[in-house]
>>> print(open('data11.csv').read())   # CSV, C-alpha atoms and all ligand atoms
chain,number,residue,atom,x,y,z
A,1,MET,CA,30.3,161.4,19.3
A,2,LYS,CA,26.6,161.4,20.3
A,3,ILE,CA,24.3,158.8,18.7
A,4,LEU,CA,20.6,158.7,18.8
A,5,ALA,CA,19.6,155.0,18.8
A,6,ILE,CA,16.3,153.4,18.0
A,7,GLU,CA,15.1,149.9,18.9
A,8,SER,CA,11.8,148.3,17.8
A,9,SER,CA,12.7,144.6,17.0
A,10,CYS,CA,10.1,143.0,19.3
A,11,ASP,CA,7.7,144.5,21.9
A,12,GLU,CA,9.7,147.4,23.3
A,13,THR,CA,9.7,150.8,21.6
A,14,ALA,CA,13.0,152.2,22.8
A,15,ALA,CA,15.4,155.1,22.1
A,16,ALA,CA,18.5,156.4,23.7
A,17,VAL,CA,21.3,158.9,23.3
A,18,VAL,CA,24.8,157.4,23.9
A,19,GLU,CA,28.1,159.2,23.8
A,20,ASP,CA,31.2,157.5,22.4
A,21,GLY,CA,29.6,154.0,22.8
A,22,ARG,CA,29.9,154.0,26.6
A,23,THR,CA,28.1,156.9,28.2
A,24,VAL,CA,24.3,156.8,28.3
A,25,LEU,CA,22.8,160.3,28.2
A,26,SER,CA,19.2,158.9,28.1
A,27,ASN,CA,17.4,155.6,27.7
A,28,VAL,CA,13.7,155.5,27.2
A,29,ILE,CA,11.7,152.3,26.9
A,30,SER,CA,8.0,152.0,26.2
A,31,SER,CA,7.0,148.4,27.0
A,32,GLN,CA,4.0,146.7,25.5
A,33,VAL,CA,4.1,143.8,28.0
A,34,GLU,CA,0.6,144.6,29.5
A,35,GLU,CA,-1.1,144.4,26.2
A,36,HIS,CA,0.6,141.2,25.0
A,37,LYS,CA,0.0,139.5,28.4
A,38,ILE,CA,-3.7,139.0,27.4
A,39,TYR,CA,-2.6,136.8,24.6
A,40,GLY,CA,0.2,134.9,26.5
A,41,GLY,CA,2.9,136.1,24.1
A,42,VAL,CA,3.9,138.8,21.6
A,43,VAL,CA,1.3,139.4,18.8
A,44,PRO,CA,3.4,140.8,15.9
A,45,GLU,CA,0.7,142.9,14.3
A,46,ILE,CA,-0.2,144.6,17.6
A,47,ALA,CA,3.6,145.2,18.3
A,48,SER,CA,4.0,146.9,14.9
A,49,ARG,CA,1.0,149.2,15.5
A,50,ARG,CA,2.1,150.2,19.0
A,51,HIS,CA,5.6,151.0,17.7
A,52,THR,CA,4.1,153.2,15.1
A,53,GLU,CA,2.0,155.0,17.7
A,54,ASN,CA,4.8,155.4,20.2
A,55,ILE,CA,8.0,155.9,18.3
A,56,SER,CA,7.8,159.7,17.9
A,57,SER,CA,7.2,160.4,21.5
A,58,VAL,CA,9.9,157.9,22.7
A,59,VAL,CA,12.5,159.5,20.4
A,60,GLU,CA,11.5,163.0,21.5
A,61,LYS,CA,11.8,162.0,25.2
A,62,ALA,CA,15.2,160.4,24.6
A,63,LEU,CA,16.4,163.6,23.1
A,64,ALA,CA,14.8,165.7,25.9
A,65,ASP,CA,16.2,163.5,28.7
A,66,ALA,CA,19.7,163.9,27.1
A,67,GLY,CA,19.3,167.7,26.8
A,68,CYS,CA,19.8,167.4,23.1
A,69,SER,CA,18.2,168.6,19.9
A,70,TYR,CA,18.4,166.8,16.6
A,71,GLU,CA,21.2,169.2,15.7
A,72,ASP,CA,23.3,168.0,18.7
A,73,VAL,CA,23.4,164.3,17.7
A,74,ASP,CA,26.1,163.2,15.2
A,75,ALA,CA,24.4,160.0,13.8
A,76,ILE,CA,21.3,157.9,14.0
A,77,GLY,CA,21.6,154.2,14.9
A,78,VAL,CA,18.8,151.7,14.4
A,79,THR,CA,18.2,148.0,14.9
A,80,TYR,CA,17.5,146.6,11.4
A,81,ALA,CA,17.8,142.8,12.0
A,82,PRO,CA,16.9,140.2,13.2
A,83,GLY,CA,13.5,140.5,14.7
A,84,LEU,CA,9.8,140.8,13.9
A,85,ILE,CA,9.8,142.2,10.4
A,86,GLY,CA,6.8,144.6,10.9
A,87,ALA,CA,8.2,145.8,14.2
A,88,LEU,CA,11.7,146.4,12.8
A,89,LEU,CA,10.3,148.3,9.8
A,90,VAL,CA,8.8,150.9,12.1
A,91,GLY,CA,12.2,151.7,13.6
A,92,VAL,CA,14.1,151.5,10.3
A,93,ASN,CA,11.7,153.7,8.4
A,94,PHE,CA,11.6,156.3,11.2
A,95,ALA,CA,15.4,156.3,11.4
A,96,LYS,CA,15.7,156.6,7.6
A,97,GLY,CA,13.3,159.6,7.5
A,98,LEU,CA,15.1,161.2,10.4
A,99,SER,CA,18.6,160.7,9.0
A,100,TYR,CA,17.5,162.2,5.6
A,101,SER,CA,15.7,165.2,7.2
A,102,VAL,CA,18.4,166.1,9.7
A,103,GLY,CA,21.3,165.1,7.4
A,104,LYS,CA,23.0,162.8,9.8
A,105,PRO,CA,24.6,159.4,9.0
A,106,LEU,CA,22.4,156.3,9.4
A,107,ILE,CA,24.0,153.3,11.2
A,108,PRO,CA,22.4,149.8,10.9
A,109,VAL,CA,22.8,147.7,14.0
A,110,HIS,CA,22.4,144.0,14.3
A,111,HIS,CA,20.2,143.1,17.3
A,112,LEU,CA,22.5,140.5,18.9
A,113,ARG,CA,25.6,142.7,18.4
A,114,SER,CA,23.8,145.3,20.5
A,115,HIS,CA,22.9,142.8,23.2
A,116,ILE,CA,26.6,142.1,23.6
A,117,ALA,CA,27.3,145.9,23.6
A,118,ALA,CA,25.1,146.3,26.7
A,119,ASN,CA,28.2,145.1,28.5
A,120,TYR,CA,30.4,147.9,27.1
A,121,ILE,CA,28.0,150.3,29.0
A,122,THR,CA,28.0,148.2,32.2
A,123,HIS,CA,31.8,147.5,32.1
A,124,PRO,CA,33.7,150.6,30.9
A,125,ASP,CA,37.0,148.5,30.9
A,126,LEU,CA,35.6,145.7,28.7
A,127,LYS,CA,37.2,145.3,25.3
A,128,PRO,CA,37.2,142.4,22.8
A,129,PRO,CA,38.4,139.7,22.3
A,130,PHE,CA,36.1,137.6,24.5
A,131,LEU,CA,33.8,134.7,24.5
A,132,SER,CA,30.1,135.5,24.7
A,133,LEU,CA,27.0,133.6,25.5
A,134,VAL,CA,24.1,135.4,23.8
A,135,VAL,CA,20.7,134.1,25.0
A,136,SER,CA,17.5,135.8,24.0
A,137,GLY,CA,14.0,134.9,23.1
A,138,GLY,CA,15.0,134.0,19.5
A,139,HIS,CA,18.7,133.1,19.8
A,140,SER,CA,21.1,131.0,21.7
A,141,HIS,CA,24.7,131.4,20.5
A,142,ILE,CA,28.2,131.0,21.8
A,143,ILE,CA,30.2,133.6,20.0
A,144,ASN,CA,33.9,134.3,19.7
A,145,VAL,CA,33.9,138.2,19.7
A,146,LYS,CA,37.1,139.0,17.9
A,147,SER,CA,36.6,142.7,17.7
A,148,TYR,CA,33.7,145.2,18.1
A,149,THR,CA,32.5,144.2,14.7
A,150,GLU,CA,34.0,140.8,14.0
A,151,PHE,CA,32.2,137.7,15.3
A,152,GLU,CA,32.5,134.0,14.9
A,153,ILE,CA,29.6,131.7,15.9
A,154,ILE,CA,31.1,128.6,17.5
A,155,GLY,CA,27.9,127.2,19.1
A,156,LYS,CA,24.2,127.7,18.3
A,157,THR,CA,20.8,126.1,19.0
A,158,ARG,CA,19.6,123.6,16.5
A,159,ASP,CA,15.9,124.2,17.3
A,160,ASP,CA,14.4,126.5,20.0
A,161,ALA,CA,16.2,129.3,21.7
A,162,ALA,CA,16.7,129.2,25.5
A,163,GLY,CA,14.3,132.1,26.1
A,164,GLU,CA,11.6,130.6,23.9
A,165,CYS,CA,12.0,127.3,25.7
A,166,LEU,CA,11.6,129.0,29.1
A,167,ASP,CA,8.6,131.0,27.9
A,168,LYS,CA,6.8,128.0,26.5
A,169,ALA,CA,7.5,126.0,29.6
A,170,ALA,CA,6.2,128.8,31.8
A,171,ARG,CA,3.1,129.0,29.7
A,172,ALA,CA,2.5,125.3,30.0
A,173,MET,CA,2.9,125.7,33.8
A,174,GLY,CA,0.2,128.5,33.8
A,175,VAL,CA,2.8,131.2,34.6
A,176,PRO,CA,1.7,134.5,33.0
A,177,TYR,CA,3.6,136.3,30.2
A,178,PRO,CA,6.5,137.3,30.2
A,179,GLY,CA,7.1,133.7,31.2
A,180,GLY,CA,10.9,133.5,31.5
A,181,ALA,CA,11.1,136.4,33.9
A,182,ASN,CA,8.0,135.4,36.0
A,183,LEU,CA,9.2,131.7,36.2
A,184,ASP,CA,12.6,132.9,37.5
A,185,LYS,CA,10.8,134.7,40.4
A,186,ILE,CA,8.4,131.8,41.2
A,187,ALA,CA,11.2,129.2,41.0
A,188,LYS,CA,13.3,130.9,43.7
A,189,SER,CA,11.3,129.0,46.4
A,190,GLY,CA,11.4,125.7,44.5
A,191,ASN,CA,13.6,122.6,44.8
A,192,ASN,CA,15.7,122.2,41.7
A,193,LYS,CA,16.2,118.5,42.2
A,194,SER,CA,12.5,117.6,42.3
A,195,TYR,CA,12.2,116.7,38.6
A,196,SER,CA,14.7,115.4,36.1
A,197,PHE,CA,15.0,116.4,32.5
A,198,PRO,CA,17.1,115.0,29.5
A,199,HIS,CA,20.4,116.7,28.8
A,200,PRO,CA,20.5,116.8,25.0
A,201,HIS,CA,23.8,116.6,23.1
A,202,VAL,CA,24.1,117.4,19.4
A,203,GLU,CA,26.1,114.7,17.6
A,204,ASN,CA,29.4,115.9,16.2
A,205,ALA,CA,28.7,119.5,17.4
A,206,PRO,CA,29.5,119.5,21.1
A,207,LEU,CA,29.1,123.3,21.4
A,208,ASP,CA,25.6,123.3,19.8
A,209,PHE,CA,22.4,123.3,21.9
A,210,SER,CA,19.0,121.6,21.5
A,211,PHE,CA,16.1,122.7,23.7
A,212,SER,CA,13.1,121.3,21.9
A,213,GLY,CA,13.4,117.9,23.8
A,214,LEU,CA,13.5,119.7,27.1
A,215,LYS,CA,10.4,121.7,26.2
A,216,THR,CA,8.5,118.5,25.2
A,217,SER,CA,9.6,116.8,28.4
A,218,VAL,CA,8.2,119.5,30.6
A,219,ILE,CA,4.9,119.6,28.7
A,220,ASN,CA,4.6,115.8,29.0
A,221,ILE,CA,5.2,116.0,32.8
A,222,ILE,CA,2.3,118.5,33.1
A,223,HIS,CA,0.0,116.5,30.8
A,224,ASN,CA,0.6,113.3,32.6
A,225,ALA,CA,0.0,114.9,36.0
A,226,ASN,CA,-3.2,116.5,34.6
A,227,GLN,CA,-4.5,113.2,33.3
A,228,LYS,CA,-3.9,111.5,36.6
A,229,GLY,CA,-5.4,114.4,38.5
A,230,GLU,CA,-2.1,115.0,40.4
A,231,ASP,CA,-1.0,118.4,41.6
A,232,ILE,CA,2.2,119.9,40.4
A,233,ASN,CA,4.4,122.0,42.6
A,234,ILE,CA,5.1,124.8,40.1
A,235,PRO,CA,8.1,126.3,42.0
A,236,ASP,CA,9.7,122.9,42.1
A,237,LEU,CA,9.0,122.1,38.5
A,238,GLY,CA,10.2,125.6,37.5
A,239,ALA,CA,13.4,125.4,39.5
A,240,SER,CA,14.2,122.0,38.1
A,241,PHE,CA,13.5,123.1,34.5
A,242,ILE,CA,15.6,126.3,34.8
A,243,SER,CA,18.5,124.3,36.3
A,244,SER,CA,18.4,122.0,33.3
A,245,VAL,CA,18.3,124.8,30.8
A,246,VAL,CA,21.1,126.6,32.6
A,247,LYS,CA,23.2,123.4,32.8
A,248,CYS,CA,22.9,123.0,29.0
A,249,LEU,CA,24.1,126.6,28.5
A,250,THR,CA,26.9,126.6,31.0
A,251,ASP,CA,28.3,123.1,30.1
A,252,ASN,CA,28.8,124.2,26.4
A,253,LEU,CA,30.0,127.6,27.3
A,254,MET,CA,32.7,126.3,29.7
A,255,ASN,CA,33.7,123.7,27.1
A,256,ALA,CA,34.0,126.5,24.5
A,257,ALA,CA,36.1,128.6,26.9
A,258,LYS,CA,38.5,125.7,27.4
A,259,ILE,CA,38.7,125.0,23.7
A,260,THR,CA,39.3,128.6,22.7
A,261,GLY,CA,41.5,129.5,25.6
A,262,ALA,CA,39.3,132.5,26.4
A,263,GLU,CA,40.2,134.7,29.3
A,264,LYS,CA,37.0,136.8,29.4
A,265,ILE,CA,33.4,135.5,29.3
A,266,VAL,CA,30.5,137.9,28.6
A,267,ALA,CA,26.8,137.1,29.0
A,268,ALA,CA,24.2,138.9,26.9
A,269,GLY,CA,20.5,138.9,25.9
A,270,GLY,CA,17.2,138.8,27.8
A,271,VAL,CA,17.9,135.4,29.4
A,272,SER,CA,21.2,136.8,30.9
A,273,ALA,CA,18.8,138.4,33.5
A,274,ASN,CA,18.1,134.9,34.9
A,275,SER,CA,19.2,134.7,38.5
A,276,VAL,CA,20.3,131.0,38.3
A,277,LEU,CA,22.3,131.6,35.1
A,278,ARG,CA,24.0,134.6,36.7
A,279,SER,CA,24.9,132.8,39.9
A,280,GLU,CA,26.0,129.6,38.0
A,281,LEU,CA,28.3,131.7,35.7
A,282,GLN,CA,29.8,133.4,38.8
A,283,ARG,CA,30.4,130.1,40.4
A,284,LEU,CA,31.9,128.4,37.3
A,285,CYS,CA,34.1,131.4,36.3
A,286,ALA,CA,35.2,132.1,39.8
A,287,ASP,CA,39.0,132.6,39.5
A,288,LYS,CA,39.3,130.9,36.1
A,289,TYR,CA,37.8,133.5,33.9
A,290,LYS,CA,36.9,137.2,34.2
A,291,LEU,CA,33.1,137.3,34.0
A,292,TYR,CA,31.1,140.2,32.7
A,293,LEU,CA,27.3,140.3,33.2
A,294,PRO,CA,25.1,143.1,31.8
A,295,ASP,CA,23.4,145.3,34.3
A,296,LEU,CA,19.9,143.9,34.9
A,297,SER,CA,18.4,147.1,33.4
A,298,LEU,CA,20.3,146.4,30.1
A,299,CYS,CA,19.6,142.7,29.6
A,300,GLY,CA,16.3,143.1,27.8
A,301,ASP,CA,15.8,145.1,24.6
A,302,ASN,CA,16.7,148.8,25.0
A,303,GLY,CA,18.0,151.7,23.0
A,304,ALA,CA,21.2,152.3,24.9
A,305,MET,CA,22.8,149.0,23.8
A,306,VAL,CA,22.0,150.0,20.2
A,307,GLY,CA,23.7,153.3,20.7
A,308,SER,CA,26.8,151.6,22.0
A,309,GLN,CA,27.1,149.1,19.2
A,310,ALA,CA,26.3,151.8,16.6
A,311,TYR,CA,29.4,153.8,17.7
A,312,TYR,CA,31.6,150.8,16.9
A,313,GLU,CA,29.8,150.1,13.6
A,314,TYR,CA,30.4,153.7,12.7
A,315,LEU,CA,34.1,153.5,13.5
A,316,SER,CA,34.2,150.4,11.2
A,317,GLY,CA,32.6,152.3,8.4
A,318,ASN,CA,29.3,150.5,8.5
A,319,ILE,CA,27.0,153.3,7.4
A,320,ALA,CA,23.8,152.7,5.4
A,321,ASN,CA,21.9,154.8,2.9
A,322,GLU,CA,18.3,155.4,2.2
A,323,SER,CA,17.9,152.0,0.7
A,324,LEU,CA,18.4,150.3,4.1
A,325,ASN,CA,15.8,147.6,4.7
A,326,ALA,CA,14.8,145.5,7.7
A,327,ALA,CA,15.4,141.8,7.8
A,328,ALA,CA,13.7,139.2,10.0
A,329,THR,CA,16.9,137.0,10.0
A,330,MET,CA,20.5,138.0,9.7
A,331,ARG,CA,23.7,136.2,10.8
A,332,ILE,CA,25.7,138.2,13.4
A,333,ASP,CA,28.9,137.4,11.5
A,334,ASN,CA,27.9,138.4,8.0
A,335,LEU,CA,25.9,141.6,7.7
A,336,SER,CA,24.3,142.9,4.6
A,337,PHE,CA,22.4,146.2,4.3
B,401,LIG,O1,16.7,139.8,24.5
B,401,LIG,P1,15.3,139.8,24.8
B,401,LIG,O2,14.7,140.9,25.7
B,401,LIG,O3,14.4,139.9,23.4
B,401,LIG,C1,14.8,139.1,22.3
B,401,LIG,O4,15.8,139.6,21.6
B,401,LIG,O5,14.3,138.0,22.2
B,401,LIG,O6,15.0,138.4,25.4
B,401,LIG,C2,13.7,138.0,25.7
B,401,LIG,C3,13.8,136.7,26.4
B,401,LIG,C4,12.4,136.1,26.7
B,401,LIG,O7,12.4,134.7,26.2
B,401,LIG,C5,12.3,136.2,28.2
B,401,LIG,O8,11.5,135.2,28.7
B,401,LIG,C6,13.7,136.0,28.6
B,401,LIG,O9,14.5,136.8,27.7
B,401,LIG,N1,14.0,136.5,30.0
B,401,LIG,C7,14.3,135.7,31.0
B,401,LIG,C8,14.4,136.5,32.1
B,401,LIG,N2,14.1,137.8,31.8
B,401,LIG,C9,13.8,137.7,30.4
B,401,LIG,N3,14.5,134.4,31.0
B,401,LIG,C10,14.8,133.8,32.2
B,401,LIG,N4,14.9,134.5,33.3
B,401,LIG,C11,14.7,135.9,33.4
B,401,LIG,N5,14.9,136.5,34.5
B,402,ZN,ZN,16.7,141.2,22.3
>>> encode(input="data11.csv", output="structure tokens")
Amino acid sequence: MKILAIESSCDETAAAVVEDGRTVLSNVISSQVEEHKIYGGVVPEIASRRHTENISSVVEKALADAGCSYEDVDAIGVTYAPGLIGALLVGVNFAKGLSYSVGKPLIPVHHLRSHIAANYITHPDLKPPFLSLVVSGGHSHIINVKSYTEFEIIGKTRDDAAGECLDKAARAMGVPYPGGANLDKIAKSGNNKSYSFPHPHVENAPLDFSFSGLKTSVINIIHNANQKGEDINIPDLGASFISSVVKCLTDNLMNAAKITGAEKIVAAGGVSANSVLRSELQRLCADKYKLYLPDLSLCGDNGAMVGSQAYYEYLSGNIANESLNAAATMRIDNLSF
């Protein structure tokens, strides 16, 4: 079964054709990074406008690269939640129009479910159940993935997401957008023991995260140094900060693995591209757990992961009609469409 998948939840306009959830026939991404860079972050209104301008050509290129026409695809998958509402609406309305005009089923895809599915493409042998750490710009979850379409959130952030925290810290350090990815590169030459940060625990919820205190702490270090006229070694500060964020993530994840008796651990989302997180997960899982990391090219937002998850949603009967709407927020474990 060939699915044409569309993704527009944030600042990438993306489309792909994926066969049977695992084989990527094409994967086209039009990134808006350069434009948002001027503002130090994603400007939602600009993102929506660029999606509107780009979506037709991105979808047409995805079909052409796959050697397909609209007739050759069996269904249209689209990210409908969560994300920037104006951005999501562009993809959803385009997919609705396409589904109606070519007479193919419309499959609504939850954005975090698709991040997890990036691993089905990278690892053809991977099947649920498994434990997943989903870390993106807007979410930080530990999820018990019971099947392709059944999820249980067992840990979540109480405030900022890990990606948001890394982006804000990078911005405070003067590191250009996209902060998380650039800070990862700059911090490679730094000493991760140069600065210390608090390790927040959420009372009575040991698997939950809290990143806002870490963010405040790094901003205070920078302000104090500026007031005293002291120089800050950004690679050292970045390396120390990334280590603290990664320790919060991996401590809770390993704890969750022990509690749930998981055998397989799967990382997902934009932050799973982080080099320190990847190497720490490899070290911690070693011979205890089978670790699955998404290919670096599939960590960020892309259409292929949407096409993969859409296949499993279709098999579960999750098919939408012309009343499908986008939603800025939506739990991964309780879809409505
Ligand atoms: O999944 P994603 O592409 O978009 C959302 O769904 O939010 O994740 C974006 C997040 C951003 O916060 C970005 O800074 C972070 O992923 N990110 C990274 C790296 N690459 C992207 N964070 C740390 N290290 C990286 N190498
Ligand atoms: Zn994402």
>>> residues_near_ligand(input="data11.csv", ligand="ligand LIG 401 (chain B)", cutoff="10 Å", atoms="all atoms listed in the file", output="PDB file with C-alpha atoms, in the coordinates of the input")
ATOM      1  CA  SER A   9      12.700 144.600  17.000  1.00  0.00           C
ATOM      2  CA  CYS A  10      10.100 143.000  19.300  1.00  0.00           C
ATOM      3  CA  ASP A  11       7.700 144.500  21.900  1.00  0.00           C
ATOM      4  CA  GLU A  12       9.700 147.400  23.300  1.00  0.00           C
ATOM      5  CA  GLY A  41       2.900 136.100  24.100  1.00  0.00           C
ATOM      6  CA  PRO A  82      16.900 140.200  13.200  1.00  0.00           C
ATOM      7  CA  GLY A  83      13.500 140.500  14.700  1.00  0.00           C
ATOM      8  CA  LEU A  84       9.800 140.800  13.900  1.00  0.00           C
ATOM      9  CA  HIS A 111      20.200 143.100  17.300  1.00  0.00           C
ATOM     10  CA  LEU A 112      22.500 140.500  18.900  1.00  0.00           C
ATOM     11  CA  SER A 114      23.800 145.300  20.500  1.00  0.00           C
ATOM     12  CA  HIS A 115      22.900 142.800  23.200  1.00  0.00           C
ATOM     13  CA  VAL A 134      24.100 135.400  23.800  1.00  0.00           C
ATOM     14  CA  VAL A 135      20.700 134.100  25.000  1.00  0.00           C
ATOM     15  CA  SER A 136      17.500 135.800  24.000  1.00  0.00           C
ATOM     16  CA  GLY A 137      14.000 134.900  23.100  1.00  0.00           C
ATOM     17  CA  GLY A 138      15.000 134.000  19.500  1.00  0.00           C
ATOM     18  CA  HIS A 139      18.700 133.100  19.800  1.00  0.00           C
ATOM     19  CA  SER A 140      21.100 131.000  21.700  1.00  0.00           C
ATOM     20  CA  ALA A 161      16.200 129.300  21.700  1.00  0.00           C
ATOM     21  CA  ALA A 162      16.700 129.200  25.500  1.00  0.00           C
ATOM     22  CA  GLY A 163      14.300 132.100  26.100  1.00  0.00           C
ATOM     23  CA  GLU A 164      11.600 130.600  23.900  1.00  0.00           C
ATOM     24  CA  CYS A 165      12.000 127.300  25.700  1.00  0.00           C
ATOM     25  CA  LEU A 166      11.600 129.000  29.100  1.00  0.00           C
ATOM     26  CA  ASP A 167       8.600 131.000  27.900  1.00  0.00           C
ATOM     27  CA  LYS A 168       6.800 128.000  26.500  1.00  0.00           C
ATOM     28  CA  ALA A 170       6.200 128.800  31.800  1.00  0.00           C
ATOM     29  CA  TYR A 177       3.600 136.300  30.200  1.00  0.00           C
ATOM     30  CA  PRO A 178       6.500 137.300  30.200  1.00  0.00           C
ATOM     31  CA  GLY A 179       7.100 133.700  31.200  1.00  0.00           C
ATOM     32  CA  GLY A 180      10.900 133.500  31.500  1.00  0.00           C
ATOM     33  CA  ALA A 181      11.100 136.400  33.900  1.00  0.00           C
ATOM     34  CA  ASN A 182       8.000 135.400  36.000  1.00  0.00           C
ATOM     35  CA  LEU A 183       9.200 131.700  36.200  1.00  0.00           C
ATOM     36  CA  ASP A 184      12.600 132.900  37.500  1.00  0.00           C
ATOM     37  CA  LYS A 185      10.800 134.700  40.400  1.00  0.00           C
ATOM     38  CA  ILE A 242      15.600 126.300  34.800  1.00  0.00           C
ATOM     39  CA  VAL A 245      18.300 124.800  30.800  1.00  0.00           C
ATOM     40  CA  VAL A 246      21.100 126.600  32.600  1.00  0.00           C
ATOM     41  CA  ALA A 268      24.200 138.900  26.900  1.00  0.00           C
ATOM     42  CA  GLY A 269      20.500 138.900  25.900  1.00  0.00           C
ATOM     43  CA  GLY A 270      17.200 138.800  27.800  1.00  0.00           C
ATOM     44  CA  VAL A 271      17.900 135.400  29.400  1.00  0.00           C
ATOM     45  CA  SER A 272      21.200 136.800  30.900  1.00  0.00           C
ATOM     46  CA  ALA A 273      18.800 138.400  33.500  1.00  0.00           C
ATOM     47  CA  ASN A 274      18.100 134.900  34.900  1.00  0.00           C
ATOM     48  CA  SER A 275      19.200 134.700  38.500  1.00  0.00           C
ATOM     49  CA  VAL A 276      20.300 131.000  38.300  1.00  0.00           C
ATOM     50  CA  LEU A 277      22.300 131.600  35.100  1.00  0.00           C
ATOM     51  CA  ARG A 278      24.000 134.600  36.700  1.00  0.00           C
ATOM     52  CA  LEU A 296      19.900 143.900  34.900  1.00  0.00           C
ATOM     53  CA  LEU A 298      20.300 146.400  30.100  1.00  0.00           C
ATOM     54  CA  CYS A 299      19.600 142.700  29.600  1.00  0.00           C
ATOM     55  CA  GLY A 300      16.300 143.100  27.800  1.00  0.00           C
ATOM     56  CA  ASP A 301      15.800 145.100  24.600  1.00  0.00           C
ATOM     57  CA  ASN A 302      16.700 148.800  25.000  1.00  0.00           C
TER      58      ASN A 302
END
>>> closest_residue(input="data11.csv", among="A:Gln227, A:Ser244, A:Asn144, A:Ser212", to="Ile259 (chain A)", atoms="only C-alpha atoms")
A:Asn144
>>> closest_residue(input="data11.csv", among="A:Gly97, A:Ile3, A:Ile332, A:Val92", to="Leu63 (chain A)", atoms="only C-alpha atoms")
A:Ile3
>>> closest_residue(input="data11.csv", among="A:Asn204, A:Ser99, A:Asn27, A:Thr52", to="Val78 (chain A)", atoms="all atoms listed in the file")
A:Ser99
>>> residues_around(input="data11.csv", residues="Pro108 (chain A)", least_positions_apart="6", cutoff="8 Å", atoms="only C-alpha atoms", output="MDAnalysis selection string")
chainID A and resid 77:80 310 313 318:320 324 337
>>> atom_distance(input="data11.csv", atom1="CA of Asp208 (chain A)", atom2="CA of Glu152 (chain A)")
13.6 Å
>>> closest_residue(input="data11.csv", among="A:Leu214, A:Ala64, A:Ala75, A:Ala47", to="Val28 (chain A)", atoms="all atoms listed in the file")
A:Ala64
>>> atom_distance(input="data11.csv", atom1="CA of Lys104 (chain A)", atom2="CA of Glu150 (chain A)")
25.0 Å
>>> closest_residue(input="data11.csv", among="A:Ser194, A:Asn119, A:Asn224, A:Ser8", to="ligand ZN 402 (chain B)", atoms="all atoms listed in the file")
A:Ser8
>>> closest_residue(input="data11.csv", among="A:Tyr314, A:Asn54, A:Ala117, A:Phe209", to="ligand ZN 402 (chain B)", atoms="all atoms listed in the file")
A:Ala117
>>> atom_distance(input="data11.csv", atom1="CA of Thr149 (chain A)", atom2="CA of Arg331 (chain A)")
12.5 Å
>>> residues_around(input="data11.csv", residues="Tyr120 (chain A)", least_positions_apart="4", cutoff="10 Å", atoms="only C-alpha atoms", output="NGL selection string")
:A and (21-23 or 114-116 or 124-128 or 148 or 292 or 294 or 305 or 308-309)
>>> residues_near_point(input="data11.csv", point="(29.5, 160.4, 24.6)", cutoff="12 Å", atoms="all atoms listed in the file", output="list in words")
Met1, Lys2, Ile3, Leu4, Ala16, Val17, Val18, Glu19, Asp20, Gly21, Arg22, Thr23, Val24, Leu25, Ser26, Ala66, Asp72, Val73, Asp74, Ala75, Ile121, Ala304, Gly307, Ser308 and Tyr311 of chain A
>>> write_last_selection(input="data11.csv", atoms="C-alpha atoms", output="PDB file, in the coordinates of the input")
ATOM      1  CA  MET A   1      30.300 161.400  19.300  1.00  0.00           C
ATOM      2  CA  LYS A   2      26.600 161.400  20.300  1.00  0.00           C
ATOM      3  CA  ILE A   3      24.300 158.800  18.700  1.00  0.00           C
ATOM      4  CA  LEU A   4      20.600 158.700  18.800  1.00  0.00           C
ATOM      5  CA  ALA A  16      18.500 156.400  23.700  1.00  0.00           C
ATOM      6  CA  VAL A  17      21.300 158.900  23.300  1.00  0.00           C
ATOM      7  CA  VAL A  18      24.800 157.400  23.900  1.00  0.00           C
ATOM      8  CA  GLU A  19      28.100 159.200  23.800  1.00  0.00           C
ATOM      9  CA  ASP A  20      31.200 157.500  22.400  1.00  0.00           C
ATOM     10  CA  GLY A  21      29.600 154.000  22.800  1.00  0.00           C
ATOM     11  CA  ARG A  22      29.900 154.000  26.600  1.00  0.00           C
ATOM     12  CA  THR A  23      28.100 156.900  28.200  1.00  0.00           C
ATOM     13  CA  VAL A  24      24.300 156.800  28.300  1.00  0.00           C
ATOM     14  CA  LEU A  25      22.800 160.300  28.200  1.00  0.00           C
ATOM     15  CA  SER A  26      19.200 158.900  28.100  1.00  0.00           C
ATOM     16  CA  ALA A  66      19.700 163.900  27.100  1.00  0.00           C
ATOM     17  CA  ASP A  72      23.300 168.000  18.700  1.00  0.00           C
ATOM     18  CA  VAL A  73      23.400 164.300  17.700  1.00  0.00           C
ATOM     19  CA  ASP A  74      26.100 163.200  15.200  1.00  0.00           C
ATOM     20  CA  ALA A  75      24.400 160.000  13.800  1.00  0.00           C
ATOM     21  CA  ILE A 121      28.000 150.300  29.000  1.00  0.00           C
ATOM     22  CA  ALA A 304      21.200 152.300  24.900  1.00  0.00           C
ATOM     23  CA  GLY A 307      23.700 153.300  20.700  1.00  0.00           C
ATOM     24  CA  SER A 308      26.800 151.600  22.000  1.00  0.00           C
ATOM     25  CA  TYR A 311      29.400 153.800  17.700  1.00  0.00           C
TER      26      TYR A 311
END
>>> residues_around(input="data11.csv", residues="Asp333 (chain A)", least_positions_apart="3", cutoff="10 Å", atoms="all atoms listed in the file", output="PyMOL selection string")
chain A and resi 110+113+143+145+149-153+330+336
